[in-house]
Amino acid sequence: MSAYLSVKALHILAVISWMAGMLYLPRLFVYHAGRPRGAEPARTFETMERRLMRAIMTPALVVVWLSGLFLAWSGGFFGAGWLHAKFALVAAMSAIHVFLERERRAFAAGTNARSPRFYRILNEAPTLLMVGVVFLVALKPF
């Protein structure tokens, strides 16, 4: 049980790190989208966005999936309906992660055409998915 609890702690830390980035990166995009390309603030945002994605978000995503799969396997939860629903929500969160990386690259290339409003709205998606995941894990309704 010690390994299970250690991996569970690691999983929770990775989720917190990943979610912090998932909530912060779209907010950076809101401010970045309102800046002219090549201006000093835009270059600063590009650096912040790249470091957030590469140093925090992507490594956390990998740890979330690996530790989560280990917990599901070692806990015998693969047959549980709530886990299937959780996987679906985490897969959706992962798709948003990939989309955010594409957007980050568009900003870096100077090809972003989306408005700050788009990113304000997008910023709500990870929050809604996170709420669903927490309720599924805490309540295990099915």
# chains A, B, ... in the order shown; residues from 1 in each chain; ligands from 1
call {"tool": "residues_around", "arguments": {"residues": "range 120-129 of chain A", "least_positions_apart": "5", "cutoff": "7 Å", "atoms": "only C-alpha atoms", "output": "list in words"}}
result
Met22, Leu23, Pro26, Arg27, Val30, Leu89 and Met93 of chain A
call {"tool": "write_last_selection", "arguments": {"atoms": "C-alpha atoms", "output": "PDB file, in the first residue's frame"}}
result
ATOM      1  CA  MET A  22      -4.122  24.985 -17.763  1.00  0.00           C
ATOM      2  CA  LEU A  23      -5.749  27.897 -15.960  1.00  0.00           C
ATOM      3  CA  PRO A  26      -5.132  30.943 -21.523  1.00  0.00           C
ATOM      4  CA  ARG A  27      -4.982  34.000 -19.251  1.00  0.00           C
ATOM      5  CA  VAL A  30      -5.729  36.991 -23.230  1.00  0.00           C
ATOM      6  CA  LEU A  89     -12.835  14.205 -18.987  1.00  0.00           C
ATOM      7  CA  MET A  93      -8.407  18.140 -20.834  1.00  0.00           C
TER       8      MET A  93
END
call {"tool": "residues_around", "arguments": {"residues": "range 43-45 of chain A", "least_positions_apart": "4", "cutoff": "8 Å", "atoms": "only C-alpha atoms", "output": "VMD selection string"}}
result
chain A and resid 28 32 38 to 39 49
call {"tool": "closest_residue", "arguments": {"among": "A:Ala92, A:Leu100, A:Ala85, A:Met53", "to": "Val137 in chain A", "atoms": "only C-alpha atoms"}}
result
A:Ala85
call {"tool": "closest_residue", "arguments": {"among": "A:Leu10, A:Pro141, A:Leu136, A:Leu5", "to": "Ser67 in chain A", "atoms": "only C-alpha atoms"}}
result
A:Leu10
call {"tool": "residues_around", "arguments": {"residues": "range 104-108 of chain A", "least_positions_apart": "5", "cutoff": "9 Å", "atoms": "only C-alpha atoms", "output": "mmCIF file with N, CA, C and O atoms, in the first residue's frame"}}
result
data_model
loop_
_atom_site.group_PDB
_atom_site.id
_atom_site.type_symbol
_atom_site.label_atom_id
_atom_site.label_comp_id
_atom_site.auth_asym_id
_atom_site.auth_seq_id
_atom_site.Cartn_x
_atom_site.Cartn_y
_atom_site.Cartn_z
ATOM 1 N N LEU A 25 -2.230 29.595 -18.609
ATOM 2 C CA LEU A 25 -1.816 29.818 -19.991
ATOM 3 C C LEU A 25 -2.871 30.557 -20.819
ATOM 4 O O LEU A 25 -2.536 31.531 -21.508
ATOM 5 N N PHE A 29 -2.602 34.199 -22.749
ATOM 6 C CA PHE A 29 -3.028 34.429 -24.130
ATOM 7 C C PHE A 29 -3.972 35.631 -24.235
ATOM 8 O O PHE A 29 -3.935 36.364 -25.223
ATOM 9 N N HIS A 32 -1.657 38.500 -24.190
ATOM 10 C CA HIS A 32 -0.775 38.447 -25.353
ATOM 11 C C HIS A 32 -1.523 38.840 -26.622
ATOM 12 O O HIS A 32 -0.974 39.546 -27.479
ATOM 13 N N ALA A 33 -2.759 38.385 -26.761
ATOM 14 C CA ALA A 33 -3.538 38.655 -27.975
ATOM 15 C C ALA A 33 -3.781 40.147 -28.167
ATOM 16 O O ALA A 33 -3.999 40.591 -29.294
ATOM 17 N N ARG A 37 2.533 42.316 -32.426
ATOM 18 C CA ARG A 37 3.597 41.336 -32.694
ATOM 19 C C ARG A 37 4.952 42.024 -32.669
ATOM 20 O O ARG A 37 5.124 43.091 -33.233
ATOM 21 N N ALA A 42 5.020 41.399 -26.015
ATOM 22 C CA ALA A 42 4.667 40.179 -26.745
ATOM 23 C C ALA A 42 5.800 39.161 -26.646
ATOM 24 O O ALA A 42 5.555 37.973 -26.448
ATOM 25 N N ARG A 43 7.043 39.604 -26.774
ATOM 26 C CA ARG A 43 8.179 38.683 -26.653
ATOM 27 C C ARG A 43 8.275 38.112 -25.244
ATOM 28 O O ARG A 43 8.606 36.938 -25.058
ATOM 29 N N GLU A 46 5.693 35.413 -24.965
ATOM 30 C CA GLU A 46 6.127 34.208 -25.670
ATOM 31 C C GLU A 46 7.086 33.383 -24.817
ATOM 32 O O GLU A 46 6.969 32.154 -24.756
ATOM 33 N N THR A 47 8.000 34.051 -24.142
ATOM 34 C CA THR A 47 8.944 33.350 -23.262
ATOM 35 C C THR A 47 8.212 32.705 -22.096
ATOM 36 O O THR A 47 8.449 31.533 -21.770
ATOM 37 N N GLU A 49 5.053 31.817 -21.905
ATOM 38 C CA GLU A 49 4.190 30.746 -22.393
ATOM 39 C C GLU A 49 4.984 29.489 -22.726
ATOM 40 O O GLU A 49 4.585 28.380 -22.364
ATOM 41 N N ARG A 50 6.120 29.668 -23.383
ATOM 42 C CA ARG A 50 6.961 28.517 -23.738
ATOM 43 C C ARG A 50 7.480 27.813 -22.487
ATOM 44 O O ARG A 50 7.408 26.585 -22.372
ATOM 45 N N MET A 53 4.650 25.909 -20.649
ATOM 46 C CA MET A 53 4.249 24.687 -21.339
ATOM 47 C C MET A 53 5.325 23.605 -21.226
ATOM 48 O O MET A 53 5.026 22.465 -20.877
ATOM 49 N N PHE A 99 -4.311 21.675 -27.879
ATOM 50 C CA PHE A 99 -4.787 22.889 -28.549
ATOM 51 C C PHE A 99 -4.029 24.112 -28.050
ATOM 52 O O PHE A 99 -3.628 24.980 -28.835
ATOM 53 N N ALA A 113 -4.641 34.660 -34.765
ATOM 54 C CA ALA A 113 -5.685 35.568 -35.238
ATOM 55 C C ALA A 113 -6.869 35.610 -34.275
ATOM 56 O O ALA A 113 -7.899 36.189 -34.597
#
call {"tool": "closest_atom_pairs", "arguments": {"of": "range 2-36 of chain A", "to": "range 58-65 of chain A", "cutoff": "6 Å", "atoms": "only C-alpha atoms", "output": "JSON lines"}}
result
{"residue": "A:His11", "atom": "CA", "partner": "A:Val64", "partner_atom": "CA", "distance": 5.5}
{"residue": "A:Ala14", "atom": "CA", "partner": "A:Ala60", "partner_atom": "CA", "distance": 4.9}
{"residue": "A:Trp18", "atom": "CA", "partner": "A:Ala60", "partner_atom": "CA", "distance": 5.2}
call {"tool": "write_last_selection", "arguments": {"atoms": "N, CA, C and O atoms", "output": "short mmCIF file (atom, residue, chain, number, x, y, z; two decimals), in the first residue's frame"}}
result
data_model
loop_
_atom_site.label_atom_id
_atom_site.label_comp_id
_atom_site.auth_asym_id
_atom_site.auth_seq_id
_atom_site.Cartn_x
_atom_site.Cartn_y
_atom_site.Cartn_z
N HIS A 11 0.55 11.84 -7.99
CA HIS A 11 -0.55 12.13 -8.91
C HIS A 11 -1.23 13.44 -8.53
O HIS A 11 -1.47 14.30 -9.40
N ALA A 14 1.01 16.36 -9.41
CA ALA A 14 1.05 16.57 -10.86
C ALA A 14 -0.25 17.21 -11.35
O ALA A 14 -0.22 18.10 -12.22
N TRP A 18 -0.40 20.70 -13.30
CA TRP A 18 -0.99 20.76 -14.64
C TRP A 18 -2.16 21.74 -14.67
O TRP A 18 -2.26 22.57 -15.58
#
call {"tool": "select_by_dssp", "arguments": {"residues": "chain A", "states": "alpha helix (DSSP H)", "output": "ChimeraX atom specification"}}
result
/A:2-33,40-51,58-75,81-109,116-122,124-139
call {"tool": "write_last_selection", "arguments": {"atoms": "C-alpha atoms", "output": "mmCIF file, in the first residue's frame"}}
result
data_model
loop_
_atom_site.group_PDB
_atom_site.id
_atom_site.type_symbol
_atom_site.label_atom_id
_atom_site.label_comp_id
_atom_site.auth_asym_id
_atom_site.auth_seq_id
_atom_site.Cartn_x
_atom_site.Cartn_y
_atom_site.Cartn_z
ATOM 1 C CA SER A 2 2.971 2.317 0.530
ATOM 2 C CA ALA A 3 3.762 2.475 -3.207
ATOM 3 C CA TYR A 4 0.105 3.147 -3.973
ATOM 4 C CA LEU A 5 -0.027 6.053 -1.509
ATOM 5 C CA SER A 6 3.270 7.481 -2.762
ATOM 6 C CA VAL A 7 2.062 7.386 -6.359
ATOM 7 C CA LYS A 8 -1.252 8.884 -5.269
ATOM 8 C CA ALA A 9 0.583 11.813 -3.660
ATOM 9 C CA LEU A 10 2.653 12.239 -6.835
ATOM 10 C CA HIS A 11 -0.545 12.128 -8.912
ATOM 11 C CA ILE A 12 -2.160 14.857 -6.815
ATOM 12 C CA LEU A 13 0.932 17.075 -7.090
ATOM 13 C CA ALA A 14 1.047 16.566 -10.863
ATOM 14 C CA VAL A 15 -2.666 17.375 -11.196
ATOM 15 C CA ILE A 16 -2.204 20.594 -9.218
ATOM 16 C CA SER A 17 0.769 21.607 -11.389
ATOM 17 C CA TRP A 18 -0.989 20.762 -14.636
ATOM 18 C CA MET A 19 -4.187 22.550 -13.653
ATOM 19 C CA ALA A 20 -2.278 25.645 -12.564
ATOM 20 C CA GLY A 21 -0.837 25.838 -16.063
ATOM 21 C CA MET A 22 -4.122 24.985 -17.763
ATOM 22 C CA LEU A 23 -5.749 27.897 -15.960
ATOM 23 C CA TYR A 24 -2.848 30.338 -16.352
ATOM 24 C CA LEU A 25 -1.816 29.818 -19.991
ATOM 25 C CA PRO A 26 -5.132 30.943 -21.523
ATOM 26 C CA ARG A 27 -4.982 34.000 -19.251
ATOM 27 C CA LEU A 28 -1.521 34.800 -20.653
ATOM 28 C CA PHE A 29 -3.028 34.429 -24.130
ATOM 29 C CA VAL A 30 -5.729 36.991 -23.230
ATOM 30 C CA TYR A 31 -3.048 39.588 -22.525
ATOM 31 C CA HIS A 32 -0.775 38.447 -25.353
ATOM 32 C CA ALA A 33 -3.538 38.655 -27.975
ATOM 33 C CA GLU A 40 8.600 43.845 -25.996
ATOM 34 C CA PRO A 41 5.540 42.693 -23.995
ATOM 35 C CA ALA A 42 4.667 40.179 -26.745
ATOM 36 C CA ARG A 43 8.179 38.683 -26.653
ATOM 37 C CA THR A 44 7.975 38.450 -22.866
ATOM 38 C CA PHE A 45 4.645 36.623 -23.129
ATOM 39 C CA GLU A 46 6.127 34.208 -25.670
ATOM 40 C CA THR A 47 8.944 33.350 -23.262
ATOM 41 C CA MET A 48 6.550 32.905 -20.334
ATOM 42 C CA GLU A 49 4.190 30.746 -22.393
ATOM 43 C CA ARG A 50 6.961 28.517 -23.738
ATOM 44 C CA ARG A 51 8.501 27.962 -20.310
ATOM 45 C CA THR A 58 3.750 18.969 -20.369
ATOM 46 C CA PRO A 59 5.849 17.135 -17.756
ATOM 47 C CA ALA A 60 2.887 17.339 -15.345
ATOM 48 C CA LEU A 61 0.558 15.945 -18.035
ATOM 49 C CA VAL A 62 2.847 12.945 -18.524
ATOM 50 C CA VAL A 63 3.051 12.295 -14.768
ATOM 51 C CA VAL A 64 -0.739 12.657 -14.408
ATOM 52 C CA TRP A 65 -1.375 9.994 -17.052
ATOM 53 C CA LEU A 66 1.321 7.576 -15.913
ATOM 54 C CA SER A 67 0.501 7.822 -12.224
ATOM 55 C CA GLY A 68 -3.243 7.788 -12.901
ATOM 56 C CA LEU A 69 -3.019 4.624 -14.962
ATOM 57 C CA PHE A 70 -0.898 3.010 -12.242
ATOM 58 C CA LEU A 71 -3.453 3.970 -9.577
ATOM 59 C CA ALA A 72 -6.350 2.654 -11.669
ATOM 60 C CA TRP A 73 -4.530 -0.621 -12.316
ATOM 61 C CA SER A 74 -3.259 -1.183 -8.783
ATOM 62 C CA GLY A 75 -6.583 -0.142 -7.249
ATOM 63 C CA GLY A 81 -18.004 3.483 -14.506
ATOM 64 C CA TRP A 82 -16.853 6.615 -12.713
ATOM 65 C CA LEU A 83 -13.285 5.939 -13.872
ATOM 66 C CA HIS A 84 -14.394 5.654 -17.495
ATOM 67 C CA ALA A 85 -16.130 9.022 -17.168
ATOM 68 C CA LYS A 86 -13.038 10.470 -15.498
ATOM 69 C CA PHE A 87 -10.838 9.179 -18.325
ATOM 70 C CA ALA A 88 -13.136 10.882 -20.830
ATOM 71 C CA LEU A 89 -12.835 14.205 -18.987
ATOM 72 C CA VAL A 90 -9.058 13.868 -18.626
ATOM 73 C CA ALA A 91 -8.812 13.005 -22.333
ATOM 74 C CA ALA A 92 -10.775 16.183 -23.098
ATOM 75 C CA MET A 93 -8.407 18.140 -20.834
ATOM 76 C CA SER A 94 -5.470 16.582 -22.678
ATOM 77 C CA ALA A 95 -6.978 17.663 -26.009
ATOM 78 C CA ILE A 96 -7.237 21.213 -24.687
ATOM 79 C CA HIS A 97 -3.585 20.956 -23.635
ATOM 80 C CA VAL A 98 -2.638 20.032 -27.222
ATOM 81 C CA PHE A 99 -4.787 22.889 -28.549
ATOM 82 C CA LEU A 100 -3.074 25.345 -26.173
ATOM 83 C CA GLU A 101 0.321 24.191 -27.447
ATOM 84 C CA ARG A 102 -0.827 24.842 -31.015
ATOM 85 C CA GLU A 103 -2.002 28.298 -29.994
ATOM 86 C CA ARG A 104 1.315 28.968 -28.235
ATOM 87 C CA ARG A 105 3.142 28.089 -31.433
ATOM 88 C CA ALA A 106 0.847 30.375 -33.432
ATOM 89 C CA PHE A 107 1.691 33.253 -31.113
ATOM 90 C CA ALA A 108 5.418 32.496 -31.452
ATOM 91 C CA ALA A 109 5.116 32.397 -35.255
ATOM 92 C CA PRO A 116 -8.642 38.086 -26.189
ATOM 93 C CA ARG A 117 -12.357 37.276 -25.759
ATOM 94 C CA PHE A 118 -11.834 33.827 -27.321
ATOM 95 C CA TYR A 119 -9.179 33.025 -24.725
ATOM 96 C CA ARG A 120 -11.335 34.348 -21.872
ATOM 97 C CA ILE A 121 -14.051 31.901 -22.878
ATOM 98 C CA LEU A 122 -11.573 29.060 -23.457
ATOM 99 C CA GLU A 124 -13.463 28.288 -18.515
ATOM 100 C CA ALA A 125 -13.206 24.840 -20.147
ATOM 101 C CA PRO A 126 -10.432 23.436 -17.917
ATOM 102 C CA THR A 127 -12.307 24.659 -14.843
ATOM 103 C CA LEU A 128 -15.511 22.877 -15.844
ATOM 104 C CA LEU A 129 -13.649 19.672 -16.676
ATOM 105 C CA MET A 130 -11.758 19.845 -13.368
ATOM 106 C CA VAL A 131 -15.022 20.178 -11.423
ATOM 107 C CA GLY A 132 -16.354 17.077 -13.161
ATOM 108 C CA VAL A 133 -13.203 15.073 -12.401
ATOM 109 C CA VAL A 134 -13.182 16.062 -8.726
ATOM 110 C CA PHE A 135 -16.833 15.105 -8.272
ATOM 111 C CA LEU A 136 -16.326 11.767 -10.018
ATOM 112 C CA VAL A 137 -13.298 10.892 -7.893
ATOM 113 C CA ALA A 138 -14.779 12.089 -4.617
ATOM 114 C CA LEU A 139 -18.295 10.653 -5.020
#
call {"tool": "atom_distance", "arguments": {"atom1": "CA of Gly110 in chain A", "atom2": "CA of Pro36 in chain A"}}
result
9.5 Å
call {"tool": "decode", "arguments": {"residues": "range 58-70 of chain A", "atoms": "all heavy atoms", "output": "PDB file, in the first residue's frame"}}
result
ATOM      1  N   THR A  58       3.580  20.242 -19.666  1.00  0.00           N
ATOM      2  CA  THR A  58       3.750  18.969 -20.369  1.00  0.00           C
ATOM      3  C   THR A  58       4.338  17.889 -19.467  1.00  0.00           C
ATOM      4  O   THR A  58       3.815  16.765 -19.456  1.00  0.00           O
ATOM      5  CB  THR A  58       4.565  19.167 -21.663  1.00  0.00           C
ATOM      6  OG1 THR A  58       3.820  20.062 -22.513  1.00  0.00           O
ATOM      7  CG2 THR A  58       4.790  17.850 -22.382  1.00  0.00           C
ATOM      8  N   PRO A  59       5.385  18.181 -18.679  1.00  0.00           N
ATOM      9  CA  PRO A  59       5.849  17.135 -17.756  1.00  0.00           C
ATOM     10  C   PRO A  59       4.755  16.712 -16.760  1.00  0.00           C
ATOM     11  O   PRO A  59       4.609  15.524 -16.467  1.00  0.00           O
ATOM     12  CB  PRO A  59       7.025  17.789 -17.022  1.00  0.00           C
ATOM     13  CG  PRO A  59       7.518  18.835 -17.960  1.00  0.00           C
ATOM     14  CD  PRO A  59       6.292  19.345 -18.669  1.00  0.00           C
ATOM     15  N   ALA A  60       3.970  17.678 -16.273  1.00  0.00           N
ATOM     16  CA  ALA A  60       2.887  17.339 -15.345  1.00  0.00           C
ATOM     17  C   ALA A  60       1.841  16.462 -16.025  1.00  0.00           C
ATOM     18  O   ALA A  60       1.336  15.509 -15.423  1.00  0.00           O
ATOM     19  CB  ALA A  60       2.244  18.605 -14.780  1.00  0.00           C
ATOM     20  N   LEU A  61       1.510  16.759 -17.280  1.00  0.00           N
ATOM     21  CA  LEU A  61       0.558  15.945 -18.035  1.00  0.00           C
ATOM     22  C   LEU A  61       1.036  14.495 -18.116  1.00  0.00           C
ATOM     23  O   LEU A  61       0.258  13.568 -17.882  1.00  0.00           O
ATOM     24  CB  LEU A  61       0.390  16.512 -19.443  1.00  0.00           C
ATOM     25  CG  LEU A  61      -0.299  15.629 -20.480  1.00  0.00           C
ATOM     26  CD1 LEU A  61      -1.776  15.477 -20.177  1.00  0.00           C
ATOM     27  CD2 LEU A  61      -0.090  16.188 -21.871  1.00  0.00           C
ATOM     28  N   VAL A  62       2.299  14.298 -18.417  1.00  0.00           N
ATOM     29  CA  VAL A  62       2.847  12.945 -18.524  1.00  0.00           C
ATOM     30  C   VAL A  62       2.748  12.224 -17.172  1.00  0.00           C
ATOM     31  O   VAL A  62       2.320  11.066 -17.099  1.00  0.00           O
ATOM     32  CB  VAL A  62       4.305  12.985 -19.028  1.00  0.00           C
ATOM     33  CG1 VAL A  62       4.968  11.620 -18.921  1.00  0.00           C
ATOM     34  CG2 VAL A  62       4.349  13.502 -20.465  1.00  0.00           C
ATOM     35  N   VAL A  63       3.107  12.911 -16.101  1.00  0.00           N
ATOM     36  CA  VAL A  63       3.051  12.295 -14.768  1.00  0.00           C
ATOM     37  C   VAL A  63       1.605  11.999 -14.374  1.00  0.00           C
ATOM     38  O   VAL A  63       1.318  10.954 -13.781  1.00  0.00           O
ATOM     39  CB  VAL A  63       3.761  13.173 -13.713  1.00  0.00           C
ATOM     40  CG1 VAL A  63       3.559  12.630 -12.306  1.00  0.00           C
ATOM     41  CG2 VAL A  63       5.252  13.288 -14.031  1.00  0.00           C
ATOM     42  N   VAL A  64       0.678  12.897 -14.705  1.00  0.00           N
ATOM     43  CA  VAL A  64      -0.739  12.657 -14.408  1.00  0.00           C
ATOM     44  C   VAL A  64      -1.207  11.361 -15.063  1.00  0.00           C
ATOM     45  O   VAL A  64      -1.820  10.509 -14.414  1.00  0.00           O
ATOM     46  CB  VAL A  64      -1.621  13.844 -14.868  1.00  0.00           C
ATOM     47  CG1 VAL A  64      -3.090  13.453 -14.956  1.00  0.00           C
ATOM     48  CG2 VAL A  64      -1.454  15.030 -13.938  1.00  0.00           C
ATOM     49  N   TRP A  65      -0.918  11.189 -16.347  1.00  0.00           N
ATOM     50  CA  TRP A  65      -1.375   9.994 -17.052  1.00  0.00           C
ATOM     51  C   TRP A  65      -0.699   8.737 -16.529  1.00  0.00           C
ATOM     52  O   TRP A  65      -1.373   7.731 -16.268  1.00  0.00           O
ATOM     53  CB  TRP A  65      -1.167  10.136 -18.557  1.00  0.00           C
ATOM     54  CG  TRP A  65      -2.319  10.809 -19.225  1.00  0.00           C
ATOM     55  CD1 TRP A  65      -2.392  12.111 -19.632  1.00  0.00           C
ATOM     56  CD2 TRP A  65      -3.584  10.232 -19.530  1.00  0.00           C
ATOM     57  NE1 TRP A  65      -3.619  12.369 -20.186  1.00  0.00           N
ATOM     58  CE2 TRP A  65      -4.376  11.234 -20.141  1.00  0.00           C
ATOM     59  CE3 TRP A  65      -4.138   8.963 -19.357  1.00  0.00           C
ATOM     60  CZ2 TRP A  65      -5.676  11.008 -20.571  1.00  0.00           C
ATOM     61  CZ3 TRP A  65      -5.442   8.735 -19.797  1.00  0.00           C
ATOM     62  CH2 TRP A  65      -6.191   9.745 -20.386  1.00  0.00           C
ATOM     63  N   LEU A  66       0.615   8.776 -16.370  1.00  0.00           N
ATOM     64  CA  LEU A  66       1.321   7.576 -15.913  1.00  0.00           C
ATOM     65  C   LEU A  66       0.908   7.175 -14.499  1.00  0.00           C
ATOM     66  O   LEU A  66       0.610   6.005 -14.228  1.00  0.00           O
ATOM     67  CB  LEU A  66       2.836   7.783 -15.990  1.00  0.00           C
ATOM     68  CG  LEU A  66       3.420   7.905 -17.398  1.00  0.00           C
ATOM     69  CD1 LEU A  66       4.913   8.212 -17.332  1.00  0.00           C
ATOM     70  CD2 LEU A  66       3.151   6.658 -18.221  1.00  0.00           C
ATOM     71  N   SER A  67       0.876   8.148 -13.608  1.00  0.00           N
ATOM     72  CA  SER A  67       0.501   7.822 -12.224  1.00  0.00           C
ATOM     73  C   SER A  67      -0.977   7.455 -12.134  1.00  0.00           C
ATOM     74  O   SER A  67      -1.354   6.553 -11.382  1.00  0.00           O
ATOM     75  CB  SER A  67       0.831   8.987 -11.287  1.00  0.00           C
ATOM     76  OG  SER A  67       0.132  10.164 -11.654  1.00  0.00           O
ATOM     77  N   GLY A  68      -1.820   8.110 -12.909  1.00  0.00           N
ATOM     78  CA  GLY A  68      -3.243   7.788 -12.901  1.00  0.00           C
ATOM     79  C   GLY A  68      -3.529   6.383 -13.393  1.00  0.00           C
ATOM     80  O   GLY A  68      -4.348   5.663 -12.816  1.00  0.00           O
ATOM     81  N   LEU A  69      -2.846   5.992 -14.461  1.00  0.00           N
ATOM     82  CA  LEU A  69      -3.019   4.624 -14.962  1.00  0.00           C
ATOM     83  C   LEU A  69      -2.510   3.599 -13.949  1.00  0.00           C
ATOM     84  O   LEU A  69      -3.139   2.557 -13.747  1.00  0.00           O
ATOM     85  CB  LEU A  69      -2.312   4.461 -16.309  1.00  0.00           C
ATOM     86  CG  LEU A  69      -2.977   5.192 -17.473  1.00  0.00           C
ATOM     87  CD1 LEU A  69      -2.073   5.174 -18.702  1.00  0.00           C
ATOM     88  CD2 LEU A  69      -4.345   4.611 -17.782  1.00  0.00           C
ATOM     89  N   PHE A  70      -1.408   3.906 -13.282  1.00  0.00           N
ATOM     90  CA  PHE A  70      -0.898   3.010 -12.242  1.00  0.00           C
ATOM     91  C   PHE A  70      -1.914   2.885 -11.099  1.00  0.00           C
ATOM     92  O   PHE A  70      -2.188   1.775 -10.620  1.00  0.00           O
ATOM     93  CB  PHE A  70       0.443   3.512 -11.690  1.00  0.00           C
ATOM     94  CG  PHE A  70       0.909   2.726 -10.498  1.00  0.00           C
ATOM     95  CD1 PHE A  70       1.587   1.520 -10.662  1.00  0.00           C
ATOM     96  CD2 PHE A  70       0.653   3.173  -9.207  1.00  0.00           C
ATOM     97  CE1 PHE A  70       2.000   0.781  -9.562  1.00  0.00           C
ATOM     98  CE2 PHE A  70       1.067   2.444  -8.097  1.00  0.00           C
ATOM     99  CZ  PHE A  70       1.738   1.236  -8.278  1.00  0.00           C
TER     100      PHE A  70
END
